[in-house]
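A.B. asks: For reference, this is structure.tsv, and it has TSV, C-alpha atoms.
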chain	number	residue	atom	x	y	z
A	76	MET	CA	36.94	-10.23	36.88
A	77	SER	CA	38.56	-8.28	39.69
A	78	GLU	CA	36.20	-5.87	41.41
A	79	ARG	CA	36.87	-3.11	43.87
A	80	VAL	CA	35.40	0.05	45.26
A	81	ILE	CA	36.78	3.03	43.35
A	82	THR	CA	36.91	6.37	45.10
A	83	PRO	CA	37.99	9.63	43.47
A	84	ARG	CA	41.60	10.58	44.19
A	85	SER	CA	43.00	13.63	42.47
A	86	ARG	CA	45.91	16.00	42.15
A	87	GLY	CA	44.25	19.26	41.26
A	88	PHE	CA	42.03	18.58	38.26
A	89	LEU	CA	43.84	15.32	37.39
A	90	PHE	CA	42.26	12.14	38.76
A	91	LEU	CA	44.34	9.02	39.37
A	92	ASP	CA	41.58	6.49	38.64
A	93	SER	CA	38.33	6.40	36.68
A	94	HIS	CA	35.02	4.66	37.29
A	95	PRO	CA	33.83	2.20	34.60
A	96	ALA	CA	30.13	2.33	35.49
A	97	GLY	CA	30.13	6.12	35.71
A	98	CYS	CA	31.88	6.43	32.34
A	99	ALA	CA	29.37	4.05	30.77
A	100	ARG	CA	26.41	5.98	32.19
A	101	LEU	CA	27.78	9.27	30.83
A	102	VAL	CA	28.10	7.75	27.34
A	103	GLN	CA	24.49	6.55	27.57
A	104	GLU	CA	23.36	10.04	28.60
A	105	MET	CA	25.17	11.60	25.64
A	106	TRP	CA	23.62	9.10	23.23
A	107	GLN	CA	20.14	9.76	24.63
A	108	ALA	CA	20.68	13.53	24.27
A	109	VAL	CA	21.08	13.26	20.49
A	110	PRO	CA	17.83	14.12	18.67
A	111	ALA	CA	16.35	11.26	16.70
A	112	PRO	CA	17.51	11.30	13.08
A	113	GLY	CA	15.19	12.31	10.30
A	114	GLU	CA	15.32	10.18	7.18
A	115	VAL	CA	18.04	7.58	7.67
A	116	PRO	CA	20.03	6.92	4.48
A	117	SER	CA	19.89	3.37	3.19
A	118	ASP	CA	23.67	3.37	2.75
A	119	ALA	CA	25.22	4.69	5.97
A	120	PRO	CA	28.17	7.03	5.41
A	121	VAL	CA	31.65	5.79	6.26
A	122	ALA	CA	33.43	7.96	8.83
A	123	LEU	CA	36.79	8.10	10.56
A	124	ILE	CA	37.05	9.86	13.92
A	125	VAL	CA	40.64	10.57	14.98
A	126	GLY	CA	40.73	11.33	18.71
A	127	SER	CA	37.43	9.69	19.61
A	128	SER	CA	37.53	8.92	23.33
A	129	ALA	CA	37.21	12.28	25.11
A	130	GLY	CA	35.75	15.75	24.87
A	131	TYR	CA	34.55	16.88	21.47
A	132	GLY	CA	35.99	13.82	19.73
A	133	LEU	CA	33.82	11.57	21.88
A	134	ALA	CA	30.82	13.79	21.16
A	135	ALA	CA	31.61	13.57	17.43
A	136	THR	CA	31.66	9.78	17.61
A	137	ILE	CA	28.42	9.44	19.57
A	138	ALA	CA	26.57	12.10	17.58
A	139	GLY	CA	27.72	10.54	14.32
A	140	LEU	CA	26.46	7.12	15.38
A	141	ALA	CA	23.18	8.23	16.95
A	142	ARG	CA	22.27	11.03	14.54
A	143	VAL	CA	23.70	9.91	11.20
A	144	GLY	CA	24.16	6.17	11.66
A	145	ILE	CA	27.78	6.31	10.58
A	146	ARG	CA	29.86	3.17	10.19
A	147	GLY	CA	33.62	3.11	10.09
A	148	ILE	CA	36.59	3.56	12.38
A	149	SER	CA	37.48	5.53	15.50
A	150	VAL	CA	41.03	6.02	16.74
A	151	CYS	CA	42.22	7.00	20.23
A	152	PHE	CA	45.12	6.34	22.59
A	153	GLU	CA	44.14	4.98	26.01
A	154	LYS	CA	45.72	2.92	28.78
A	155	ALA	CA	44.38	-0.51	29.72
A	156	PRO	CA	43.51	-1.48	33.30
A	157	THR	CA	46.17	-3.16	35.41
A	158	GLU	CA	45.98	-5.14	38.62
A	159	ARG	CA	46.57	-1.96	40.62
A	160	ARG	CA	45.03	0.80	38.53
A	161	THR	CA	41.88	1.32	36.56
A	162	ALA	CA	42.01	2.00	32.85
A	163	THR	CA	41.86	5.59	31.68
A	164	ALA	CA	38.38	7.07	31.47
A	165	GLY	CA	38.65	7.09	27.68
A	166	TRP	CA	39.11	3.31	27.67
A	167	TYR	CA	35.83	2.81	29.53
A	168	ARG	CA	34.02	5.43	27.45
A	169	THR	CA	35.15	3.70	24.27
A	170	ALA	CA	33.96	0.31	25.52
A	171	ALA	CA	30.55	1.81	26.34
A	172	THR	CA	30.32	3.58	22.97
A	173	ALA	CA	31.17	0.35	21.17
A	174	GLU	CA	28.44	-1.52	23.05
A	175	LEU	CA	25.82	1.08	22.14
A	176	ALA	CA	26.97	1.00	18.50
A	177	ARG	CA	26.58	-2.79	18.51
A	178	GLN	CA	23.14	-2.63	20.10
A	179	HIS	CA	21.97	-0.18	17.42
A	180	GLY	CA	23.44	-2.19	14.57
A	181	HIS	CA	26.25	0.19	13.58
A	182	GLU	CA	29.47	-1.35	12.26
A	183	MET	CA	32.19	0.62	14.02
A	184	VAL	CA	35.77	-0.50	14.65
A	185	PHE	CA	37.61	1.04	17.60
A	186	LEU	CA	41.40	1.18	17.36
A	187	ASN	CA	43.74	2.02	20.23
A	188	GLY	CA	47.13	3.45	19.32
A	189	ASP	CA	49.19	6.45	18.30
A	190	ALA	CA	47.22	8.47	15.75
A	191	PHE	CA	50.39	10.35	14.81
A	192	SER	CA	52.13	7.19	13.59
A	193	ASP	CA	52.16	5.92	10.03
A	194	ALA	CA	51.55	2.43	11.40
A	195	MET	CA	48.10	3.53	12.62
A	196	LYS	CA	47.39	5.26	9.32
A	197	ASP	CA	48.34	2.06	7.48
A	198	GLN	CA	46.06	0.01	9.72
A	199	VAL	CA	43.14	2.37	9.13
A	200	ALA	CA	43.73	2.39	5.37
A	201	GLU	CA	43.78	-1.41	5.24
A	202	LEU	CA	40.56	-1.64	7.28
A	203	LEU	CA	38.86	0.88	5.03
A	204	ARG	CA	39.84	-1.05	1.94
A	205	GLU	CA	38.81	-4.43	3.34
A	206	ARG	CA	35.60	-3.58	5.20
A	207	PHE	CA	34.20	-0.20	4.29
A	208	GLY	CA	35.38	0.98	0.90
A	209	ARG	CA	35.95	4.67	0.48
A	210	LEU	CA	35.70	7.26	3.24
A	211	ASP	CA	32.94	9.89	3.31
A	212	HIS	CA	33.90	11.91	6.41
A	213	LEU	CA	36.92	12.43	8.66
A	214	ILE	CA	36.67	14.26	11.99
A	215	TYR	CA	40.04	15.24	13.46
A	216	SER	CA	40.06	15.95	17.23
A	217	VAL	CA	43.51	15.26	18.64
A	218	ALA	CA	44.84	17.04	21.74
A	219	ALA	CA	48.18	15.60	22.80
A	220	PRO	CA	51.21	16.82	24.74
A	221	ARG	CA	53.74	15.51	22.22
A	222	ARG	CA	54.11	14.09	18.72
A	223	THR	CA	56.83	12.08	17.02
A	224	ASP	CA	57.39	12.89	13.35
A	225	PRO	CA	57.22	9.60	11.41
A	226	ASP	CA	59.68	10.89	8.79
A	227	THR	CA	62.45	12.23	11.03
A	228	GLY	CA	61.84	10.50	14.35
A	229	ALA	CA	61.99	13.90	16.09
A	230	THR	CA	59.64	14.27	19.05
A	231	TYR	CA	57.94	17.63	19.60
A	232	ALA	CA	56.36	18.80	22.87
A	233	SER	CA	53.57	21.37	23.06
A	234	ALA	CA	53.68	24.29	25.49
A	235	LEU	CA	51.02	26.43	27.17
A	236	LYS	CA	52.70	29.81	26.96
A	237	PRO	CA	51.96	33.39	25.88
A	238	ILE	CA	53.81	34.89	22.95
A	239	GLY	CA	55.82	38.08	23.28
A	240	GLU	CA	55.69	38.78	27.00
A	241	ALA	CA	54.80	37.14	30.29
A	242	TYR	CA	51.10	36.67	30.94
A	243	ARG	CA	49.46	37.19	34.30
A	244	THR	CA	45.90	36.02	34.83
A	245	LYS	CA	43.38	35.04	37.45
A	246	THR	CA	42.87	31.32	37.81
A	247	LEU	CA	40.72	28.95	39.83
A	248	ALA	CA	42.06	26.24	42.13
A	249	PHE	CA	40.59	23.91	44.74
A	250	ASP	CA	42.42	22.82	47.88
A	251	SER	CA	42.39	19.26	49.26
A	252	GLU	CA	39.07	19.98	50.98
A	253	GLY	CA	37.50	21.19	47.75
A	254	THR	CA	37.49	24.84	48.83
A	255	PRO	CA	37.81	27.19	45.84
A	256	GLU	CA	40.49	29.83	45.61
A	257	VAL	CA	40.94	32.59	43.07
A	258	LYS	CA	44.56	33.52	42.66
A	259	GLU	CA	46.88	35.04	40.09
A	260	VAL	CA	49.49	33.11	38.18
A	261	GLU	CA	52.14	34.30	35.78
A	262	THR	CA	53.38	32.33	32.78
A	263	ALA	CA	56.71	33.12	31.16
A	264	PRO	CA	56.68	33.92	27.44
A	265	ALA	CA	57.33	31.27	24.81
A	266	THR	CA	60.56	30.95	22.93
A	267	ASP	CA	60.56	30.53	19.16
A	268	ASP	CA	61.25	26.84	19.75
A	269	ASP	CA	58.20	26.56	22.05
A	270	ILE	CA	56.02	28.01	19.30
A	271	GLU	CA	57.45	25.76	16.59
A	272	GLN	CA	57.07	22.65	18.69
A	273	THR	CA	53.50	23.46	19.72
A	274	VAL	CA	52.55	24.03	16.08
A	275	ALA	CA	54.23	20.74	15.16
A	276	VAL	CA	52.08	18.91	17.73
A	277	MET	CA	48.75	20.72	17.58
A	278	GLY	CA	48.72	22.39	14.17
A	279	GLY	CA	47.54	20.88	10.91
A	280	VAL	CA	50.55	18.74	10.01
A	281	ASP	CA	49.12	15.42	11.16
A	282	TRP	CA	45.61	16.19	9.88
A	283	GLU	CA	47.04	16.84	6.43
A	284	ARG	CA	49.15	13.69	6.71
A	285	TRP	CA	45.99	11.65	7.32
A	286	ILE	CA	44.36	13.13	4.23
A	287	ASP	CA	47.49	12.53	2.13
A	288	HIS	CA	47.75	8.95	3.36
A	289	LEU	CA	44.17	8.12	2.41
A	290	ALA	CA	44.10	10.13	-0.81
A	291	ASP	CA	47.28	8.46	-2.08
A	292	ARG	CA	45.51	5.10	-1.67
A	293	GLU	CA	42.38	6.37	-3.45
A	294	LEU	CA	40.25	5.88	-0.32
A	295	LEU	CA	38.42	9.23	-0.38
A	296	ALA	CA	34.86	9.08	-1.70
A	297	ASP	CA	33.42	11.65	-4.07
A	298	GLY	CA	32.18	14.58	-1.99
A	299	PHE	CA	34.44	13.61	0.93
A	300	SER	CA	34.40	16.12	3.80
A	301	THR	CA	36.72	16.62	6.74
A	302	ALA	CA	36.57	18.85	9.81
A	303	ALA	CA	39.23	19.58	12.42
A	304	LEU	CA	37.83	20.67	15.78
A	305	SER	CA	39.11	23.98	17.17
A	306	TYR	CA	38.41	26.74	19.69
A	307	ILE	CA	38.75	30.53	19.76
A	308	GLY	CA	37.34	31.52	23.14
A	309	SER	CA	36.90	34.77	25.00
A	310	PRO	CA	39.11	37.88	24.99
A	311	LEU	CA	39.53	37.12	28.72
A	312	THR	CA	41.68	34.10	27.86
A	313	ASP	CA	43.30	35.42	24.68
A	314	GLY	CA	46.73	35.97	26.22
A	315	ILE	CA	47.27	32.33	27.12
A	316	TYR	CA	45.10	30.78	24.43
A	317	ARG	CA	44.35	32.39	21.07
A	318	GLN	CA	47.31	34.80	21.25
A	319	GLY	CA	49.59	32.16	22.76
A	320	THR	CA	51.35	29.07	21.52
A	321	ILE	CA	48.08	27.12	21.24
A	322	GLY	CA	46.62	29.95	19.18
A	323	ALA	CA	49.58	29.75	16.82
A	324	ALA	CA	48.80	26.06	16.38
A	325	LYS	CA	45.12	26.81	15.77
A	326	CYS	CA	46.05	29.38	13.12
A	327	HIS	CA	48.17	26.73	11.43
A	328	LEU	CA	45.24	24.32	11.61
A	329	GLU	CA	42.98	26.88	9.93
A	330	ALA	CA	45.55	27.59	7.22
A	331	THR	CA	45.79	23.84	6.64
A	332	ALA	CA	42.01	23.70	6.24
A	333	ARG	CA	42.14	26.30	3.47
A	334	THR	CA	44.89	24.38	1.66
A	335	LEU	CA	43.09	21.07	2.03
A	336	ASN	CA	39.79	22.57	0.92
A	337	GLU	CA	41.30	23.68	-2.39
A	338	ARG	CA	42.93	20.29	-2.97
A	339	LEU	CA	39.89	18.23	-2.04
A	340	GLU	CA	37.55	20.32	-4.17
A	341	LYS	CA	39.69	19.53	-7.21
A	342	LEU	CA	40.37	15.92	-6.26
A	343	VAL	CA	36.94	14.57	-5.22
A	344	GLY	CA	34.61	17.56	-5.12
A	345	GLY	CA	35.21	17.58	-1.37
A	346	ARG	CA	35.74	20.14	1.35
A	347	ALA	CA	37.77	20.78	4.51
A	348	VAL	CA	36.81	23.07	7.38
A	349	THR	CA	37.70	23.80	10.95
A	350	SER	CA	34.84	23.66	13.42
A	351	VAL	CA	35.08	26.28	16.16
A	352	ASN	CA	33.40	24.82	19.21
A	353	GLY	CA	32.20	26.54	22.36
A	354	ALA	CA	33.64	26.25	25.85
A	355	ALA	CA	33.33	23.03	27.84
A	356	VAL	CA	34.99	21.31	30.76
A	357	THR	CA	37.44	18.86	29.22
A	358	GLN	CA	40.56	17.08	30.40
A	359	SER	CA	42.62	19.33	28.13
A	360	SER	CA	40.99	22.66	28.99
A	361	THR	CA	41.35	22.32	32.76
A	362	ALA	CA	45.15	22.40	32.34
A	363	ILE	CA	45.13	25.91	30.85
A	364	PRO	CA	45.54	28.81	33.32
A	365	GLY	CA	42.38	30.90	33.60
A	366	ILE	CA	40.15	28.54	31.60
A	367	ALA	CA	38.62	26.85	34.67
A	368	LEU	CA	37.70	30.23	36.15
A	369	TYR	CA	36.30	31.45	32.84
A	370	VAL	CA	34.15	28.35	32.27
A	371	GLY	CA	32.80	28.47	35.82
A	372	LEU	CA	31.84	32.12	35.38
A	373	LEU	CA	30.35	31.41	31.95
A	374	ARG	CA	28.14	28.75	33.50
A	375	GLY	CA	27.21	31.22	36.24
A	376	VAL	CA	25.95	33.60	33.55
A	377	LEU	CA	24.29	31.10	31.20
A	378	GLY	CA	23.20	28.22	33.43
A	379	ASP	CA	21.50	25.52	31.37
A	380	ALA	CA	21.73	27.74	28.27
A	381	MET	CA	25.31	26.54	27.85
A	382	VAL	CA	25.35	24.29	24.79
A	383	PRO	CA	26.99	20.93	25.60
A	384	PRO	CA	29.48	19.28	23.23
A	385	ILE	CA	27.01	16.60	22.13
A	386	ALA	CA	24.56	19.25	20.89
A	387	GLN	CA	27.31	21.15	19.11
A	388	LEU	CA	28.61	18.05	17.33
A	389	THR	CA	25.09	17.02	16.36
A	390	SER	CA	24.86	20.40	14.61
A	391	LEU	CA	28.21	19.80	12.90
A	392	TRP	CA	27.09	16.40	11.59
A	393	ASP	CA	23.88	17.94	10.26
A	394	GLN	CA	25.98	20.43	8.32
A	395	LEU	CA	28.53	17.92	7.04
A	396	THR	CA	25.79	15.63	5.77
A	397	ASP	CA	23.80	18.51	4.20
A	398	ALA	CA	20.82	18.06	6.51
A	399	ARG	CA	21.43	21.75	7.17
A	400	PRO	CA	23.39	24.28	5.10
A	401	LEU	CA	27.06	24.60	5.98
A	402	ASP	CA	27.30	27.79	8.06
A	403	VAL	CA	30.82	29.24	7.88
A	404	ASP	CA	32.35	32.60	8.76
A	405	ASP	CA	34.49	34.81	6.50
A	406	ASP	CA	37.51	32.61	7.24
A	407	GLY	CA	35.72	29.42	6.21
A	408	ARG	CA	35.23	28.15	9.78
A	409	VAL	CA	32.05	26.46	10.99
A	410	ARG	CA	31.01	28.44	14.06
A	411	LEU	CA	29.37	26.47	16.86
A	412	ASP	CA	30.36	29.02	19.53
A	413	SER	CA	27.99	31.94	18.85
A	414	TRP	CA	26.08	31.24	22.07
A	415	GLU	CA	29.32	31.74	24.03
A	416	LEU	CA	30.74	34.78	22.22
A	417	ASN	CA	27.47	36.71	22.17
A	418	SER	CA	28.39	40.27	23.21
A	419	ALA	CA	25.91	40.40	26.09
A	420	VAL	CA	27.16	37.08	27.45
A	421	GLN	CA	30.78	38.18	27.24
A	422	ALA	CA	30.02	41.50	28.92
A	423	ALA	CA	28.36	39.68	31.83
A	424	VAL	CA	31.23	37.22	32.18
A	425	THR	CA	33.79	40.04	32.04
A	426	GLU	CA	32.00	41.92	34.82
A	427	ARG	CA	32.13	38.83	37.01
A	428	TRP	CA	35.75	38.12	36.08
A	429	ASP	CA	36.82	41.63	37.12
A	430	THR	CA	35.24	41.27	40.57
A	431	ALA	CA	36.04	37.60	41.18
A	432	THR	CA	37.94	36.89	44.41
A	433	THR	CA	38.17	33.91	46.71
A	434	ASP	CA	35.45	35.49	48.86
A	435	SER	CA	33.07	36.25	45.98
A	436	ILE	CA	33.63	33.36	43.59
A	437	THR	CA	30.88	31.12	44.95
A	438	ARG	CA	28.34	33.85	44.15
A	439	LEU	CA	29.69	34.58	40.68
A	440	ALA	CA	30.45	31.14	39.26
A	441	ASP	CA	28.57	27.85	39.24
A	442	LEU	CA	31.28	25.97	41.10
A	443	GLU	CA	29.05	23.08	42.11
A	444	TRP	CA	28.43	22.38	38.42
A	445	PHE	CA	32.07	22.90	37.49
A	446	HIS	CA	33.40	20.63	40.24
A	447	ALA	CA	30.91	17.93	39.26
A	448	GLU	CA	31.83	18.26	35.58
A	449	VAL	CA	35.52	17.74	36.38
A	450	GLN	CA	34.65	14.59	38.33
A	451	ARG	CA	32.36	13.37	35.56
A	452	LEU	CA	35.32	13.42	33.16
A	453	TYR	CA	36.52	10.40	35.11
A	454	GLY	CA	33.14	8.77	35.72
A	455	PHE	CA	32.50	10.20	39.20
A	456	ALA	CA	29.60	12.35	40.46
A	457	VAL	CA	27.25	10.63	38.02
A	458	PRO	CA	23.66	10.34	39.33
A	459	GLY	CA	22.40	6.79	39.68
A	460	ILE	CA	25.82	5.19	40.28
A	461	ASP	CA	26.46	3.47	43.62
A	462	TYR	CA	30.05	4.43	44.33
A	463	SER	CA	30.12	2.35	47.50
A	464	ALA	CA	29.63	-0.86	45.49
A	465	PRO	CA	32.54	-2.84	44.01
A	466	THR	CA	32.81	-2.57	40.23
A	467	ALA	CA	34.74	-4.58	37.64
A	468	ILE	CA	37.73	-2.66	36.32
A	469	GLN	CA	38.93	-5.26	33.77
A	470	VAL	CA	36.69	-4.08	30.94
A	471	PRO	CA	37.98	-5.44	27.60
A	472	TRP	CA	38.73	-3.30	24.60
A	473	PRO	CA	36.05	-3.64	21.89
A	474	ASP	CA	36.73	-6.54	19.51
A	475	ALA	CA	37.96	-5.05	16.25
A	476	VAL	CA	36.72	-7.98	14.19
A	477	SER	CA	33.23	-8.49	15.65
Before we go any further, please render this structure as structure tokens.
C.D. replies:
Amino acid sequence: MSERVITPRSRGFLFLDSHPAGCARLVQEMWQAVPAPGEVPSDAPVALIVGSSAGYGLAATIAGLARVGIRGISVCFEKAPTERRTATAGWYRTAATAELARQHGHEMVFLNGDAFSDAMKDQVAELLRERFGRLDHLIYSVAAPRRTDPDTGATYASALKPIGEAYRTKTLAFDSEGTPEVKEVETAPATDDDIEQTVAVMGGVDWERWIDHLADRELLADGFSTAALSYIGSPLTDGIYRQGTIGAAKCHLEATARTLNERLEKLVGGRAVTSVNGAAVTQSSTAIPGIALYVGLLRGVLGDAMVPPIAQLTSLWDQLTDARPLDVDDDGRVRLDSWELNSAVQAAVTERWDTATTDSITRLADLEWFHAEVQRLYGFAVPGIDYSAPTAIQVPWPDAVS
């Protein structure tokens, strides 16, 4: 296997390479952070995780394996290593997750491909029929820049834009030396086409298509449950997020959940919900203006009281498997973000936001934590990893038939 020393190179928050050993260590840490399960069922539930290699989807996969002992299928879309470049971080995280699943005796198949395509849905359906039987749970956690409609062939592209008028906000940036800067950016308003395309990519259309695909083949078990992962966030980021094009997509996702819930209740005595998660540093969130600043300030207020994704998804699994009662709000959404949207927390973050400048930001936000978290997305800044040592980059994809 080819080995080389991998050093972090980035353009803003986007890193050009990832570190296999660092990614593997992070997966191990997440697994170890999951509380030991109580009574383990003799017949492990069958689960499908769509969007399993990063962020909350990765946390859903690891928490499901370590907490519930799920078996089944995970789907993601990652790039393999080449002679010149490492694989994507999600590739290495998936390989590490698969190895831990194998070590703990969990039968989990990891598929790499376009979750939006009917070809992937067909492959999953065939695997379910051949190896697992009917499906008990589906977690949907897909964040993608574009989607091709399998029926029409039209490709839609999502947009990060406000609706109605231009949006000006503070945002956080780091220069080439890693020095933080607080500046203002303005984003032009979305067109109707921007909104429609973003909803087509990030709304509930593909989630519902997955359910239709599996239901039509009679692959949903009695009592089947499904959850799509979502976010609401702070009033400080409303203009670009919840009241913007992404928010329109999230509203569509929640409307889809209500429709699916009615259908599944009649069909298999099942249920569908959206799960509103709390803030975290993810590869998707760092691209949104203002979010990096907000999360850094939030960490400055809460410190270690911030609830990490793995803890949130452990809670979701406990609710989906009835280890704890399902706790939903008036709109039928599971709320895992109460620690973030607590009024006292938001008041403290808002006070810091209002006074944040380049000169004051290091006092107001936990930038050391934030900067490390961004690097950790790609396997860097992980304690215990020798980044001066050569590491093998040609890590194989998990064997789907092992």
A.B. asks: Tell me, as a list in words, which residues lie within 8 Å of Tyr453 (chain A), counting only C-alpha atoms; anything in the same chain fewer than 3 positions away does not count.
C.D. replies: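 Result of the neighbour search: Phe90, Asp92, Ser93, His94, Gly97, Cys98, Thr163, Ala164, Val449 and Gln450 of chain A.
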A.B. asks: What lies within 7 Å of region 438-445 of chain A using all atoms listed in the file, ignoring chain neighbours under 3 positions off, as a list in words?
C.D. replies: Gly371, Leu372, Arg374, Gly375, Arg427, Ser435, Glu448 and Val449 of chain A
A.B. asks: What would the file look like if the residues just selected were written as an mmCIF file, keeping the file's coordinate frame with C-alpha atoms?
C.D. replies:
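Once written, selection09.cif looks like this:
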data_model
loop_
_atom_site.group_PDB
_atom_site.id
_atom_site.type_symbol
_atom_site.label_atom_id
_atom_site.label_comp_id
_atom_site.auth_asym_id
_atom_site.auth_seq_id
_atom_site.Cartn_x
_atom_site.Cartn_y
_atom_site.Cartn_z
ATOM 1 C CA GLY A 371 32.800 28.470 35.820
ATOM 2 C CA LEU A 372 31.840 32.120 35.380
ATOM 3 C CA ARG A 374 28.140 28.750 33.500
ATOM 4 C CA GLY A 375 27.210 31.220 36.240
ATOM 5 C CA ARG A 427 32.130 38.830 37.010
ATOM 6 C CA SER A 435 33.070 36.250 45.980
ATOM 7 C CA GLU A 448 31.830 18.260 35.580
ATOM 8 C CA VAL A 449 35.520 17.740 36.380
#
A.B. asks: What is the CA of Gln469 (chain A)-CA of Tyr131 (chain A) distance in Å, reported with one decimal?
C.D. replies: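 One can read the CA of Gln469 (chain A) to CA of Tyr131 (chain A) distance as 25.7 Å.
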A.B. asks: Pick from A:Glu426, A:Glu174, A:Glu205, A:Glu415: nearest to Gly378 (chain A), with only C-alpha atoms counted?
C.D. replies: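 For Gly378 (chain A), the nearest of the candidates is A:Glu415.
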A.B. asks: Extract, using all atoms listed in the file, all DNA, RNA and protein residues at most 12 Å from His179 (chain A), discarding same-chain residues fewer than 5 positions from it, and format them as a ChimeraX atom specification.
C.D. replies: /A:106,137,140-146,172-174
A.B. asks: Could you complete region 155-169 of chain A so that it carries N, CA, C and O atoms, and give it back as a compact mmCIF listing (two decimals), in the frame of the given file?
C.D. replies:
# COMPACT_ATOMS: atom_id res chain seq x y z
N ALA A 155 45.18 0.61 29.23
CA ALA A 155 44.38 -0.51 29.72
C ALA A 155 44.42 -0.58 31.24
O ALA A 155 45.33 -0.04 31.88
N PRO A 156 43.45 -1.27 31.85
CA PRO A 156 43.51 -1.48 33.30
C PRO A 156 44.64 -2.42 33.67
O PRO A 156 45.05 -3.28 32.88
N THR A 157 45.15 -2.26 34.87
CA THR A 157 46.17 -3.16 35.41
C THR A 157 45.62 -3.77 36.69
O THR A 157 44.49 -3.50 37.09
N GLU A 158 46.42 -4.56 37.35
CA GLU A 158 45.98 -5.14 38.62
C GLU A 158 45.82 -4.07 39.70
O GLU A 158 45.00 -4.20 40.60
N ARG A 159 46.58 -3.00 39.58
CA ARG A 159 46.57 -1.96 40.62
C ARG A 159 45.76 -0.73 40.25
O ARG A 159 45.28 -0.02 41.13
N ARG A 160 45.65 -0.44 38.96
CA ARG A 160 45.03 0.80 38.53
C ARG A 160 43.88 0.52 37.56
O ARG A 160 43.88 -0.47 36.83
N THR A 161 42.93 1.40 37.56
CA THR A 161 41.88 1.32 36.56
C THR A 161 42.45 1.71 35.20
O THR A 161 43.55 2.27 35.09
N ALA A 162 41.68 1.45 34.16
CA ALA A 162 42.01 2.00 32.85
C ALA A 162 41.76 3.51 32.87
O ALA A 162 41.17 4.06 33.81
N THR A 163 42.21 4.18 31.84
CA THR A 163 41.86 5.59 31.68
C THR A 163 40.36 5.70 31.41
O THR A 163 39.72 4.76 30.93
N ALA A 164 39.82 6.87 31.69
CA ALA A 164 38.38 7.07 31.47
C ALA A 164 38.02 6.86 30.00
O ALA A 164 36.96 6.32 29.68
N GLY A 165 38.91 7.26 29.10
CA GLY A 165 38.65 7.09 27.68
C GLY A 165 38.52 5.64 27.27
O GLY A 165 37.78 5.31 26.32
N TRP A 166 39.24 4.75 27.94
CA TRP A 166 39.11 3.31 27.67
C TRP A 166 37.69 2.86 27.97
O TRP A 166 37.05 2.17 27.15
N TYR A 167 37.18 3.23 29.15
CA TYR A 167 35.83 2.81 29.53
C TYR A 167 34.77 3.49 28.67
O TYR A 167 33.75 2.88 28.32
N ARG A 168 34.98 4.75 28.32
CA ARG A 168 34.02 5.43 27.45
C ARG A 168 33.96 4.77 26.08
O ARG A 168 32.88 4.61 25.49
N THR A 169 35.12 4.36 25.58
CA THR A 169 35.15 3.70 24.27
C THR A 169 34.42 2.36 24.32
O THR A 169 33.66 2.02 23.41
